[in-house]
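Pasted below: run.txt, compact mmCIF, C-alpha atoms.
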# COMPACT_ATOMS: atom_id res chain seq x y z
CA MET A 71 -13.31 10.75 2.96
CA HIS A 72 -16.61 9.21 1.99
CA ASP A 73 -20.05 10.61 2.61
CA LEU A 74 -21.90 8.60 5.27
CA ASN A 75 -24.86 8.14 2.95
CA PHE A 76 -22.52 6.57 0.38
CA ILE A 77 -21.33 4.05 2.95
CA ARG A 78 -24.92 3.26 3.95
CA THR A 79 -26.09 2.70 0.38
CA GLU A 80 -22.88 1.42 -1.27
CA ALA A 81 -21.25 -0.64 1.49
CA GLU A 82 -20.69 -3.66 -0.75
CA ARG A 83 -19.12 -1.52 -3.47
CA LEU A 84 -16.77 -0.02 -0.90
CA LYS A 85 -15.89 -3.49 0.44
CA THR A 86 -15.06 -4.61 -3.10
CA ALA A 87 -12.88 -1.53 -3.51
CA VAL A 88 -10.80 -2.17 -0.37
CA ARG A 89 -10.35 -5.82 -1.35
CA GLN A 90 -9.17 -4.76 -4.82
CA ARG A 91 -6.74 -2.40 -3.11
CA GLN A 92 -5.39 -5.40 -1.17
CA ASN A 93 -6.78 -4.06 2.12
CA PRO A 94 -9.35 -6.79 2.89
CA GLU A 95 -9.14 -6.06 6.63
CA LEU A 96 -10.94 -2.77 5.98
CA ALA A 97 -14.14 -4.63 5.08
CA ALA A 98 -14.62 -5.19 8.82
CA THR A 99 -13.98 -1.48 9.39
CA ILE A 100 -16.88 -0.69 7.04
CA ASP A 101 -19.17 -2.98 9.04
CA GLU A 102 -17.99 -1.33 12.26
CA ALA A 103 -18.70 2.11 10.78
CA LEU A 104 -22.21 1.03 9.78
CA ALA A 105 -22.84 -0.27 13.30
CA LEU A 106 -21.62 2.99 14.83
CA ASP A 107 -23.77 4.96 12.40
CA GLN A 108 -26.82 2.97 13.49
CA ARG A 109 -25.90 3.47 17.14
CA ARG A 110 -25.57 7.21 16.52
CA ARG A 111 -28.99 7.40 14.87
CA ASP A 112 -30.58 5.43 17.71
CA LEU A 113 -29.05 7.77 20.27
CA LEU A 114 -30.20 10.86 18.36
CA LYS A 115 -33.72 9.44 18.15
CA GLU A 116 -33.70 8.92 21.92
CA VAL A 117 -32.36 12.43 22.51
CA GLU A 118 -35.00 13.98 20.26
CA ALA A 119 -37.75 12.08 22.07
CA LEU A 120 -36.52 13.33 25.44
CA LYS A 121 -36.20 16.89 24.15
CA ALA A 122 -39.76 16.73 22.83
CA GLU A 123 -40.90 15.43 26.22
CA ARG A 124 -39.03 18.25 27.96
CA ASN A 125 -40.53 20.90 25.67
CA ALA A 126 -44.03 19.59 26.25
CA ALA A 127 -43.46 19.51 30.02
CA SER A 128 -42.13 23.06 29.97
CA LYS A 129 -45.31 24.28 28.31
CA ALA A 130 -47.41 22.34 30.81
CA ILE A 131 -45.41 23.73 33.76
CA SER A 132 -45.97 27.27 32.54
CA ARG A 133 -49.70 26.69 32.95
CA ILE A 134 -49.50 25.28 36.53
CA LYS A 135 -50.57 27.89 39.06
CA ASP A 136 -49.85 25.94 42.23
CA ALA A 137 -46.26 26.78 43.25
CA ALA A 138 -45.54 23.48 45.01
CA GLU A 139 -46.84 21.43 42.10
CA ARG A 140 -44.84 23.56 39.66
CA GLU A 141 -41.59 23.08 41.63
CA ALA A 142 -42.20 19.32 41.77
CA LYS A 143 -42.61 19.15 38.00
CA ILE A 144 -39.47 21.28 37.45
CA ALA A 145 -37.50 18.93 39.71
CA GLU A 146 -38.85 15.96 37.78
CA GLN A 147 -37.66 17.47 34.48
CA LYS A 148 -34.16 18.01 35.87
CA GLY A 149 -33.68 14.25 35.59
CA VAL A 150 -34.72 14.42 31.94
CA GLY A 151 -32.12 17.16 31.33
CA ASP A 152 -29.43 15.00 32.90
CA LYS A 153 -30.39 12.11 30.64
CA ILE A 154 -30.19 14.37 27.58
CA ALA A 155 -26.74 15.62 28.62
CA ALA A 156 -25.52 12.02 29.12
CA LEU A 157 -26.89 10.96 25.73
CA ASP A 158 -25.33 13.99 24.03
CA GLU A 159 -21.98 12.94 25.49
CA GLN A 160 -22.49 9.43 24.10
CA VAL A 161 -23.29 10.90 20.68
CA ARG A 162 -20.05 12.90 20.77
CA GLY A 163 -18.10 9.75 21.60
CA VAL A 164 -19.75 7.80 18.78
CA ASP A 165 -19.14 10.71 16.36
CA GLU A 166 -15.46 10.72 17.25
CA ALA A 167 -15.12 6.95 16.84
CA LEU A 168 -17.05 7.03 13.55
CA HIS A 169 -14.91 9.86 12.21
CA GLY A 170 -11.79 7.85 13.08
CA LEU A 171 -13.04 4.86 11.10
CA LEU A 172 -14.10 6.93 8.08
CA SER A 173 -10.71 8.66 7.99
CA ILE A 174 -8.84 5.39 7.27
CA LEU A 175 -11.05 4.23 4.39
CA PRO A 176 -9.37 4.88 1.00
CA ASN A 177 -10.93 6.28 -2.15
CA VAL A 178 -12.87 3.98 -4.47
CA PRO A 179 -10.89 3.24 -7.66
CA ASP A 180 -12.31 4.45 -10.94
CA ALA A 181 -13.95 1.68 -13.00
CA ARG A 182 -11.18 2.22 -15.58
CA THR A 183 -8.43 1.46 -13.06
CA PRO A 184 -7.07 -2.05 -13.78
CA VAL A 185 -7.70 -4.58 -11.02
CA GLY A 186 -4.45 -6.05 -9.71
CA THR A 187 -2.85 -7.68 -6.71
CA THR A 188 0.67 -6.21 -6.89
CA GLU A 189 2.54 -3.42 -8.68
CA ASP A 190 3.44 -6.00 -11.32
CA ASP A 191 -0.15 -5.67 -12.56
CA ASN A 192 0.34 -2.01 -13.52
CA VAL A 193 -0.22 -1.56 -17.25
CA VAL A 194 2.42 0.00 -19.52
CA LEU A 195 0.42 2.10 -21.98
CA ARG A 196 3.27 3.26 -24.19
CA THR A 197 6.98 3.99 -24.34
CA VAL A 198 8.13 7.25 -25.92
CA GLY A 199 11.62 7.27 -27.46
CA ALA A 200 14.28 4.62 -27.47
CA PRO A 201 17.01 4.24 -24.84
CA ARG A 202 20.20 5.96 -25.91
CA GLN A 203 22.90 3.66 -27.22
CA PHE A 204 26.38 4.29 -25.81
CA ALA A 205 29.75 3.41 -27.36
CA PHE A 206 31.00 2.91 -23.80
CA ALA A 207 29.62 1.40 -20.60
CA PRO A 208 27.50 4.16 -19.03
CA GLN A 209 28.22 4.89 -15.39
CA ALA A 210 25.62 5.01 -12.66
CA HIS A 211 25.16 8.39 -11.00
CA TRP A 212 26.61 7.11 -7.72
CA ASP A 213 29.94 6.70 -9.54
CA LEU A 214 29.59 9.56 -12.00
CA GLY A 215 28.65 12.23 -9.42
CA PRO A 216 31.54 11.71 -6.96
CA LYS A 217 34.08 11.54 -9.79
CA LEU A 218 32.84 14.90 -11.03
CA GLY A 219 32.83 16.30 -7.50
CA ILE A 220 29.13 17.21 -7.70
CA ILE A 221 27.65 14.58 -5.33
CA ASP A 222 29.17 14.06 -1.89
CA PHE A 223 27.71 11.10 -0.03
CA GLU A 224 30.19 11.10 2.87
CA ARG A 225 29.45 14.68 3.90
CA GLY A 226 25.72 14.09 3.64
CA VAL A 227 26.04 11.20 6.08
CA LYS A 228 28.29 13.31 8.32
CA LEU A 229 25.73 16.12 8.43
CA THR A 230 22.59 14.07 8.94
CA GLY A 231 22.86 10.32 8.41
CA SER A 232 22.25 7.59 5.88
CA ARG A 233 20.46 8.45 2.64
CA PHE A 234 21.38 12.13 2.83
CA TYR A 235 23.89 13.74 0.45
CA VAL A 236 25.35 17.06 -0.61
CA LEU A 237 25.13 18.46 -4.14
CA SER A 238 28.02 20.74 -4.95
CA GLY A 239 29.04 23.26 -7.60
CA PRO A 240 27.48 22.52 -11.01
CA GLY A 241 25.55 19.62 -9.44
CA ALA A 242 23.70 21.97 -7.09
CA ARG A 243 23.19 24.39 -9.95
CA LEU A 244 21.83 21.64 -12.21
CA GLN A 245 19.30 20.70 -9.52
CA ARG A 246 18.26 24.35 -9.16
CA ALA A 247 18.06 24.72 -12.95
CA LEU A 248 15.68 21.78 -13.19
CA ILE A 249 13.40 23.27 -10.54
CA ALA A 250 13.34 26.74 -12.12
CA TRP A 251 12.86 25.37 -15.63
CA MET A 252 10.00 23.09 -14.59
CA LEU A 253 8.19 25.88 -12.74
CA ASP A 254 8.51 28.19 -15.75
CA LEU A 255 7.30 25.41 -18.07
CA HIS A 256 4.20 24.79 -15.96
CA ILE A 257 3.47 28.51 -15.81
CA ARG A 258 3.50 28.50 -19.63
CA GLN A 259 1.15 25.51 -19.52
CA GLY A 260 -1.36 27.57 -17.55
CA TYR A 261 -0.54 26.99 -13.89
CA ARG A 262 -0.17 29.71 -11.27
CA GLU A 263 2.97 29.40 -9.15
CA VAL A 264 2.59 29.46 -5.38
CA TYR A 265 5.32 29.32 -2.76
CA THR A 266 3.88 27.63 0.31
CA PRO A 267 5.17 26.88 3.82
CA PHE A 268 7.22 23.73 4.21
CA MET A 269 5.47 22.96 7.51
CA VAL A 270 1.71 22.60 8.00
CA ARG A 271 -0.85 21.88 10.71
CA SER A 272 -2.39 18.47 11.32
CA ASP A 273 -5.73 19.42 9.78
CA ILE A 274 -4.02 20.35 6.50
CA LEU A 275 -2.39 16.91 6.32
CA TYR A 276 -5.72 15.32 7.15
CA GLY A 277 -7.43 17.21 4.33
CA ALA A 278 -4.90 15.93 1.80
CA GLY A 279 -5.35 12.35 2.99
CA GLN A 280 -1.93 12.04 4.64
CA LEU A 281 -3.22 11.71 8.21
CA PRO A 282 -3.86 9.38 9.87
CA LYS A 283 -2.82 6.85 7.17
CA PHE A 284 0.81 7.96 6.77
CA ARG A 285 1.55 9.24 10.27
CA ASP A 286 4.59 6.96 10.67
CA ASN A 287 6.13 8.28 7.45
CA LEU A 288 5.94 11.96 8.41
CA TYR A 289 8.29 14.22 10.37
CA HIS A 290 6.55 15.97 13.25
CA ASP A 291 7.52 18.87 15.50
CA ALA A 292 5.61 17.80 18.62
CA GLU A 293 6.20 21.06 20.50
CA GLU A 294 4.54 23.26 17.87
CA ASP A 295 2.38 20.44 16.44
CA LEU A 296 3.63 21.20 12.93
CA TRP A 297 4.53 18.66 10.27
CA MET A 298 7.16 18.81 7.52
CA VAL A 299 5.43 18.48 4.16
CA PRO A 300 5.84 15.15 2.33
CA THR A 301 4.80 16.82 -0.94
CA ALA A 302 3.55 20.22 -2.14
CA GLU A 303 0.22 18.50 -2.76
CA VAL A 304 -0.46 18.90 0.97
CA PRO A 305 -0.23 22.70 1.40
CA VAL A 306 -1.79 23.34 -2.01
CA THR A 307 -4.81 21.20 -1.07
CA GLY A 308 -5.09 23.33 2.06
CA LEU A 309 -5.02 26.65 0.19
CA HIS A 310 -8.80 26.58 -0.21
CA LYS A 311 -9.74 24.60 2.90
CA ASP A 312 -13.22 25.56 4.19
CA GLU A 313 -13.85 27.76 1.15
CA VAL A 314 -16.47 27.93 -1.58
CA MET A 315 -14.42 28.52 -4.72
CA ASP A 316 -15.46 30.42 -7.81
CA LEU A 317 -14.77 28.04 -10.71
CA ALA A 318 -17.16 29.69 -13.18
CA ARG A 319 -14.22 30.70 -15.38
CA GLY A 320 -12.67 27.25 -15.31
CA PRO A 321 -10.37 25.10 -13.17
CA ARG A 322 -7.87 26.63 -10.74
CA ARG A 323 -4.42 25.29 -11.61
CA TYR A 324 -1.37 25.67 -9.36
CA THR A 325 2.29 24.71 -9.51
CA ALA A 326 4.61 24.72 -6.52
CA TYR A 327 8.11 23.72 -5.51
CA THR A 328 8.83 22.25 -2.09
CA PRO A 329 11.44 20.05 -0.53
CA CYS A 330 9.70 16.86 0.60
CA PHE A 331 10.38 15.06 3.87
CA ARG A 332 9.47 11.39 4.35
CA ARG A 333 10.57 8.58 6.59
CA GLU A 334 11.26 6.23 3.69
CA LYS A 335 10.76 2.70 4.97
CA VAL A 336 12.54 0.61 2.36
CA ALA A 337 12.13 -3.15 2.34
CA ALA A 338 15.20 -5.15 3.33
CA GLY A 339 17.39 -5.93 0.35
CA ARG A 340 15.94 -3.20 -1.86
CA ASP A 341 18.47 -1.19 -3.83
CA VAL A 342 19.08 2.10 -2.03
CA ARG A 343 22.34 3.08 -3.70
CA GLY A 344 22.84 6.65 -4.80
CA ILE A 345 20.19 9.32 -4.45
CA LYS A 346 17.11 7.46 -5.71
CA ARG A 347 15.48 7.12 -2.30
CA GLY A 348 16.02 9.56 0.52
CA HIS A 349 14.34 11.19 3.47
CA GLN A 350 14.59 14.64 1.82
CA PHE A 351 14.12 15.41 -1.85
CA ASP A 352 12.88 18.20 -4.10
CA LYS A 353 9.75 18.11 -6.24
CA VAL A 354 7.75 20.43 -8.45
CA GLU A 355 4.01 19.78 -8.21
CA MET A 356 1.01 20.45 -10.42
CA TYR A 357 -2.39 20.72 -8.74
CA ILE A 358 -5.92 21.39 -10.00
CA PHE A 359 -9.24 22.29 -8.38
CA CYS A 360 -12.10 21.83 -10.86
CA GLN A 361 -15.81 21.17 -11.21
CA PRO A 362 -16.64 17.44 -11.15
CA PRO A 363 -17.60 17.14 -14.86
CA ASP A 364 -14.17 18.53 -15.84
CA SER A 365 -11.90 16.20 -13.86
CA ASP A 366 -11.50 13.41 -16.43
CA ALA A 367 -10.34 15.87 -19.08
CA GLU A 368 -8.09 17.64 -16.56
CA LEU A 369 -6.42 14.32 -15.69
CA GLU A 370 -5.47 13.75 -19.33
CA ARG A 371 -4.33 17.36 -19.67
CA MET A 372 -2.10 17.07 -16.60
CA ARG A 373 -0.63 13.79 -17.86
CA GLU A 374 0.20 15.51 -21.16
CA HIS A 375 1.92 18.32 -19.24
CA ALA A 376 4.01 15.84 -17.26
CA GLU A 377 4.91 14.00 -20.47
CA ALA A 378 5.94 17.28 -22.09
CA THR A 379 8.35 17.85 -19.19
CA CYS A 380 10.07 14.53 -19.87
CA ALA A 381 10.05 15.09 -23.62
CA GLU A 382 11.56 18.59 -23.49
CA LEU A 383 14.43 17.19 -21.43
CA GLY A 384 15.02 14.65 -24.19
CA LEU A 385 14.43 11.68 -21.88
CA THR A 386 13.08 8.31 -22.93
CA TYR A 387 9.99 7.66 -20.83
CA ARG A 388 7.04 5.36 -20.50
CA VAL A 389 3.49 5.85 -19.25
CA LYS A 390 1.88 3.33 -16.92
CA GLN A 391 -1.62 3.11 -15.55
CA LEU A 392 -1.55 1.96 -11.95
CA CYS A 393 -3.69 -0.95 -10.85
CA THR A 394 -5.96 -1.05 -7.81
CA ALA A 395 -3.19 -2.53 -5.65
CA ASP A 396 -0.81 0.36 -6.34
CA ILE A 397 -2.82 3.58 -6.56
CA GLY A 398 -2.49 6.02 -3.69
CA PHE A 399 -4.84 6.27 -0.73
CA SER A 400 -6.63 9.39 -2.03
CA ALA A 401 -6.55 8.54 -5.74
CA ARG A 402 -9.19 6.91 -7.86
CA MET A 403 -7.11 6.80 -11.07
CA THR A 404 -3.36 7.30 -11.56
CA TYR A 405 -0.81 7.45 -14.35
CA ASP A 406 2.88 7.00 -13.56
CA LEU A 407 5.67 8.35 -15.75
CA GLU A 408 9.02 6.57 -15.63
CA VAL A 409 12.26 7.68 -17.30
CA TRP A 410 15.06 5.40 -18.41
CA ALA A 411 18.32 5.65 -16.46
CA PRO A 412 21.05 3.80 -18.43
CA GLY A 413 23.63 3.81 -15.62
CA CYS A 414 21.22 2.36 -13.05
CA ASN A 415 19.83 0.23 -15.89
CA GLU A 416 16.24 0.75 -14.73
CA TRP A 417 13.09 2.77 -15.16
CA LEU A 418 12.72 5.47 -12.50
CA GLU A 419 9.36 6.92 -11.54
CA VAL A 420 9.42 10.71 -11.81
CA SER A 421 5.71 11.51 -11.82
CA SER A 422 2.38 10.22 -10.56
CA VAL A 423 -0.66 12.01 -11.98
CA SER A 424 -3.88 11.31 -10.12
CA ASN A 425 -7.55 12.21 -10.09
CA CYS A 426 -8.85 12.15 -6.51
CA GLY A 427 -12.45 13.04 -7.33
CA ASP A 428 -14.10 14.71 -4.34
CA PHE A 429 -12.22 12.56 -1.78
CA GLN A 430 -9.74 15.25 -0.66
CA ALA A 431 -12.25 18.07 -1.10
CA ARG A 432 -14.64 16.37 1.31
CA ARG A 433 -11.86 16.00 3.91
CA ALA A 434 -10.69 19.61 3.44
CA ASN A 435 -14.21 21.00 2.93
CA VAL A 436 -13.48 22.65 -0.43
CA LYS A 437 -16.61 23.45 -2.42
CA HIS A 438 -17.80 25.44 -5.40
CA ARG A 439 -21.24 26.68 -6.38
CA ARG A 440 -22.73 26.21 -9.81
CA GLU A 441 -24.92 29.06 -10.99
CA GLY A 442 -28.25 28.80 -9.21
CA GLY A 443 -27.21 25.68 -7.29
CA LYS A 444 -26.09 24.68 -3.84
CA PRO A 445 -22.40 24.39 -2.90
CA GLU A 446 -20.90 21.01 -3.82
CA PHE A 447 -17.47 19.49 -3.36
CA VAL A 448 -14.88 20.18 -6.06
CA HIS A 449 -12.66 17.55 -7.64
CA THR A 450 -8.89 17.68 -7.05
CA LEU A 451 -6.01 16.39 -9.15
CA ASN A 452 -2.29 16.31 -8.49
CA GLY A 453 0.81 15.36 -10.42
CA SER A 454 4.57 15.55 -10.08
CA GLY A 455 6.09 17.77 -12.65
CA LEU A 456 8.66 16.34 -12.01
CA GLY A 457 10.14 14.70 -8.94
CA LEU A 458 13.79 15.08 -8.12
CA PRO A 459 16.33 13.62 -7.64
CA ARG A 460 15.30 10.90 -10.11
CA THR A 461 14.99 13.43 -12.90
CA LEU A 462 18.49 14.64 -12.01
CA ILE A 463 19.70 11.04 -12.14
CA ALA A 464 18.19 10.55 -15.60
CA VAL A 465 19.77 13.75 -16.91
CA MET A 466 23.19 12.84 -15.52
CA GLU A 467 23.14 9.28 -16.82
CA ASN A 468 21.61 9.98 -20.25
CA TYR A 469 23.80 12.99 -21.03
CA GLN A 470 27.12 11.54 -19.87
CA GLN A 471 30.06 11.24 -22.26
CA ALA A 472 32.92 8.78 -22.53
CA ASP A 473 35.31 11.05 -20.61
CA GLY A 474 32.94 11.19 -17.63
CA SER A 475 31.59 14.66 -18.38
CA ILE A 476 27.88 15.54 -18.61
CA VAL A 477 26.36 17.64 -21.37
CA VAL A 478 23.76 20.04 -19.97
CA PRO A 479 20.43 19.63 -21.82
CA GLU A 480 19.61 22.58 -24.04
CA ALA A 481 16.44 23.40 -22.11
CA LEU A 482 18.38 23.93 -18.88
CA ARG A 483 21.26 26.05 -20.15
CA PRO A 484 19.66 29.47 -19.52
CA TRP A 485 19.79 28.63 -15.78
CA MET A 486 23.35 27.25 -15.77
CA GLY A 487 25.34 30.49 -15.96
CA GLY A 488 27.19 29.54 -19.12
CA ILE A 489 27.96 25.94 -18.12
CA ASP A 490 27.19 23.75 -21.13
CA VAL A 491 29.27 20.77 -20.03
CA ILE A 492 29.99 19.59 -16.49
CA ALA A 493 33.58 18.41 -16.82
CA PRO A 494 35.56 16.14 -14.48
CA ASP A 495 37.38 19.10 -12.98
CA ALA A 496 34.23 21.21 -12.54
CA GLY A 497 33.53 20.12 -8.95
Exercise: express the given structure as structure tokens:
Amino acid sequence: MHDLNFIRTEAERLKTAVRQRQNPELAATIDEALALDQRRRDLLKEVEALKAERNAASKAISRIKDAAEREAKIAEQKGVGDKIAALDEQVRGVDEALHGLLSILPNVPDARTPVGTTEDDNVVLRTVGAPRQFAFAPQAHWDLGPKLGIIDFERGVKLTGSRFYVLSGPGARLQRALIAWMLDLHIRQGYREVYTPFMVRSDILYGAGQLPKFRDNLYHDAEEDLWMVPTAEVPVTGLHKDEVMDLARGPRRYTAYTPCFRREKVAAGRDVRGIKRGHQFDKVEMYIFCQPPDSDAELERMREHAEATCAELGLTYRVKQLCTADIGFSARMTYDLEVWAPGCNEWLEVSSVSNCGDFQARRANVKHRREGGKPEFVHTLNGSGLGLPRTLIAVMENYQQADGSIVVPEALRPWMGGIDVIAPDAG
């Protein structure tokens, strides 16, 4: 969320930002917010004038000795009190409408974020490693998994519906190994693990920038008014909601695993084969609260940590900087990491690493206090480290052998109970 003073003084900059994000309709929302802000200030000025009049009258009444005259003046002031109450109610209505408009305005992209009109304008910064060359035609995971008996699409559909699946035997264990290994890696990198609820209140989603923007993509328990988390970023943002943090000793870094629940609305004709896109998936998250001057360095540090995760798995990956048309609602600058999947024959996004500045902190009211200063909003950063199942897909497809088996990457073997190779009869 933006500070009202920022919108008053930087309205044109904000309008440029929403146009660069390909949301030109929000320029009118900014004008509407400015009009409401002016209306609110006019109402408050009127209220203050009436309150001053009432206070002056009260002092005058206290000096009137004639009872009848005093009662007449008191009756006269009752009308002033009614006017104040009516104006206060109008102010509350304007506040609510203004808050609703401010809540749908996205963050302003960093000046270093490339300006673009579609995702095709994202910039590939570098590619690390070369795609593995196979002496055979590599299989896609949607063929490889069922043949090994480790992915069951039919039972997933039977249990829940389309784009759900069941991982079985070594497949389930490989997924669990990836999660455990990534958490342990991030702990070594300096993050503190937290295990958070998988359901949160509306205000927690609002603080993370998920509501109201993504309401239609979220799963909601209306009876309890709880929401399934779309990412661990949401509950971790809420950990310090309405707090003044102590960051004197440096940034607060967290890592967390959660399943993620999203109503994936895929465009007609888009490839949805296999387990690339689903309504439920697992992800390990990295998250940082820091002082504003530290956030640029923390963004690069987090990107390096995400890259290390890909590298230690032996995956070919590339780093992209997202353009203004593709960065997330709360982000001002984002790197994406994509790994090569030879069976799918495509690059799969496994991580987005973003600096949100004070945008989320303002919504969640998370502050810190510099020595001798007043509380100010922190900066927040988040990054996937990594997202599954696409990391699972990349491991399966890159480590497959001609006989249809899958070699377990060295880094994951301590969590695989002695399974070094997932063979065709292992399911």
Using only C-alpha atoms, tabulate the residues of region 344-431 of chain A lying at most 10 Å from any atom of region 231-247 of chain A, each with its closest atom pair and that distance in Å to one decimal, by chain and increasing residue number, as a tab-separated table.
residue	atom	partner	partner_atom	distance
A:Gly344	CA	A:Arg233	CA	8.0
A:Ile345	CA	A:Arg233	CA	7.1
A:Lys346	CA	A:Arg233	CA	9.1
A:Arg347	CA	A:Arg233	CA	7.1
A:Gly348	CA	A:Arg233	CA	5.0
A:His349	CA	A:Arg233	CA	6.8
A:Gln350	CA	A:Phe234	CA	7.3
A:Phe351	CA	A:Phe234	CA	9.2
A:Asp352	CA	A:Gln245	CA	8.8
Return the single residue from A:His256, A:Arg83, A:Arg402, A:Arg332 that is closest to His375 (chain A), with distances computed using all atoms listed in the file. A:His256
Using all atoms listed in the file, can you tell me which of A:Leu114, A:Ile397, A:Ala127, A:Met252 comes closest to Glu382 (chain A)?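 Once distances to Glu382 (chain A) are computed over all atoms listed in the file, the minimum belongs to A:Met252.
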Around the point (-38.8, 18.8, 30.0) in the file's coordinates, collect all residues with an atom within 8 Å, using only C-alpha atoms, and return them as JSON, numbers by chain. {"A": [120, 121, 122, 123, 124, 125, 126, 127, 128, 144, 147, 148, 150, 151]}
Please provide as a list of chain:residue names all residues within 9 Å of Ala278 (chain A), with the sequence filter that same-chain residues fewer than 6 positions apart are discarded (counting only C-alpha atoms).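 Here the qualifying residues turn out to be A:Glu303, A:Val304, A:Pro305, A:Val306, A:Thr307, A:Gly308, A:Ser400, A:Phe429, A:Gln430, A:Ala431, A:Arg433, A:Ala434.
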Leaving out Arg483 (chain A) and any residue of its chain fewer than 2 positions from it, which residues lie within 12 Å of it when counting all atoms listed in the file, given as a list in words?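 After dropping sequence-adjacent residues, the list is Pro240, Arg243, Leu244, Arg246, Ala247, Leu248, Ala250, Trp251, Leu383, Val477, Val478, Pro479, Glu480, Ala481, Trp485, Met486, Gly487, Gly488, Ile489, Asp490, Val491 and Ile492 of chain A.
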Hey, could you patch up region 355-371 of chain A with N, CA and C atoms and hand it over as a PDB file, in the coordinates of the input?
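Result saved to result.pdb:
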ATOM      1  N   GLU A 355       5.347  20.380  -8.190  1.00  0.00           N
ATOM      2  CA  GLU A 355       4.010  19.780  -8.210  1.00  0.00           C
ATOM      3  C   GLU A 355       3.073  20.564  -9.104  1.00  0.00           C
ATOM      4  N   MET A 356       2.158  19.848  -9.743  1.00  0.00           N
ATOM      5  CA  MET A 356       1.010  20.450 -10.420  1.00  0.00           C
ATOM      6  C   MET A 356      -0.238  20.062  -9.641  1.00  0.00           C
ATOM      7  N   TYR A 357      -1.183  20.991  -9.535  1.00  0.00           N
ATOM      8  CA  TYR A 357      -2.390  20.720  -8.740  1.00  0.00           C
ATOM      9  C   TYR A 357      -3.570  21.462  -9.358  1.00  0.00           C
ATOM     10  N   ILE A 358      -4.733  20.799  -9.369  1.00  0.00           N
ATOM     11  CA  ILE A 358      -5.920  21.390 -10.000  1.00  0.00           C
ATOM     12  C   ILE A 358      -7.141  21.225  -9.099  1.00  0.00           C
ATOM     13  N   PHE A 359      -7.901  22.322  -8.943  1.00  0.00           N
ATOM     14  CA  PHE A 359      -9.240  22.290  -8.380  1.00  0.00           C
ATOM     15  C   PHE A 359     -10.207  22.514  -9.559  1.00  0.00           C
ATOM     16  N   CYS A 360     -11.201  21.654  -9.723  1.00  0.00           N
ATOM     17  CA  CYS A 360     -12.100  21.830 -10.860  1.00  0.00           C
ATOM     18  C   CYS A 360     -13.504  21.357 -10.500  1.00  0.00           C
ATOM     19  N   GLN A 361     -14.460  21.690 -11.356  1.00  0.00           N
ATOM     20  CA  GLN A 361     -15.810  21.170 -11.210  1.00  0.00           C
ATOM     21  C   GLN A 361     -15.806  19.688 -11.573  1.00  0.00           C
ATOM     22  N   PRO A 362     -16.652  18.890 -10.916  1.00  0.00           N
ATOM     23  CA  PRO A 362     -16.640  17.440 -11.150  1.00  0.00           C
ATOM     24  C   PRO A 362     -16.707  17.006 -12.615  1.00  0.00           C
ATOM     25  N   PRO A 363     -17.543  17.610 -13.469  1.00  0.00           N
ATOM     26  CA  PRO A 363     -17.600  17.140 -14.860  1.00  0.00           C
ATOM     27  C   PRO A 363     -16.289  17.345 -15.637  1.00  0.00           C
ATOM     28  N   ASP A 364     -15.395  18.200 -15.112  1.00  0.00           N
ATOM     29  CA  ASP A 364     -14.170  18.530 -15.840  1.00  0.00           C
ATOM     30  C   ASP A 364     -12.980  17.638 -15.464  1.00  0.00           C
ATOM     31  N   SER A 365     -13.106  16.823 -14.417  1.00  0.00           N
ATOM     32  CA  SER A 365     -11.900  16.200 -13.860  1.00  0.00           C
ATOM     33  C   SER A 365     -11.277  15.142 -14.772  1.00  0.00           C
ATOM     34  N   ASP A 366     -12.074  14.408 -15.525  1.00  0.00           N
ATOM     35  CA  ASP A 366     -11.500  13.410 -16.430  1.00  0.00           C
ATOM     36  C   ASP A 366     -10.610  14.072 -17.485  1.00  0.00           C
ATOM     37  N   ALA A 367     -11.122  15.152 -18.068  1.00  0.00           N
ATOM     38  CA  ALA A 367     -10.340  15.870 -19.080  1.00  0.00           C
ATOM     39  C   ALA A 367      -9.103  16.509 -18.455  1.00  0.00           C
ATOM     40  N   GLU A 368      -9.230  17.019 -17.231  1.00  0.00           N
ATOM     41  CA  GLU A 368      -8.090  17.640 -16.560  1.00  0.00           C
ATOM     42  C   GLU A 368      -7.012  16.610 -16.231  1.00  0.00           C
ATOM     43  N   LEU A 369      -7.407  15.373 -15.939  1.00  0.00           N
ATOM     44  CA  LEU A 369      -6.420  14.320 -15.690  1.00  0.00           C
ATOM     45  C   LEU A 369      -5.575  14.081 -16.936  1.00  0.00           C
ATOM     46  N   GLU A 370      -6.220  13.989 -18.085  1.00  0.00           N
ATOM     47  CA  GLU A 370      -5.470  13.750 -19.330  1.00  0.00           C
ATOM     48  C   GLU A 370      -4.602  14.963 -19.670  1.00  0.00           C
ATOM     49  N   ARG A 371      -5.103  16.133 -19.405  1.00  0.00           N
ATOM     50  CA  ARG A 371      -4.330  17.360 -19.670  1.00  0.00           C
ATOM     51  C   ARG A 371      -3.083  17.395 -18.787  1.00  0.00           C
TER      52      ARG A 371
END
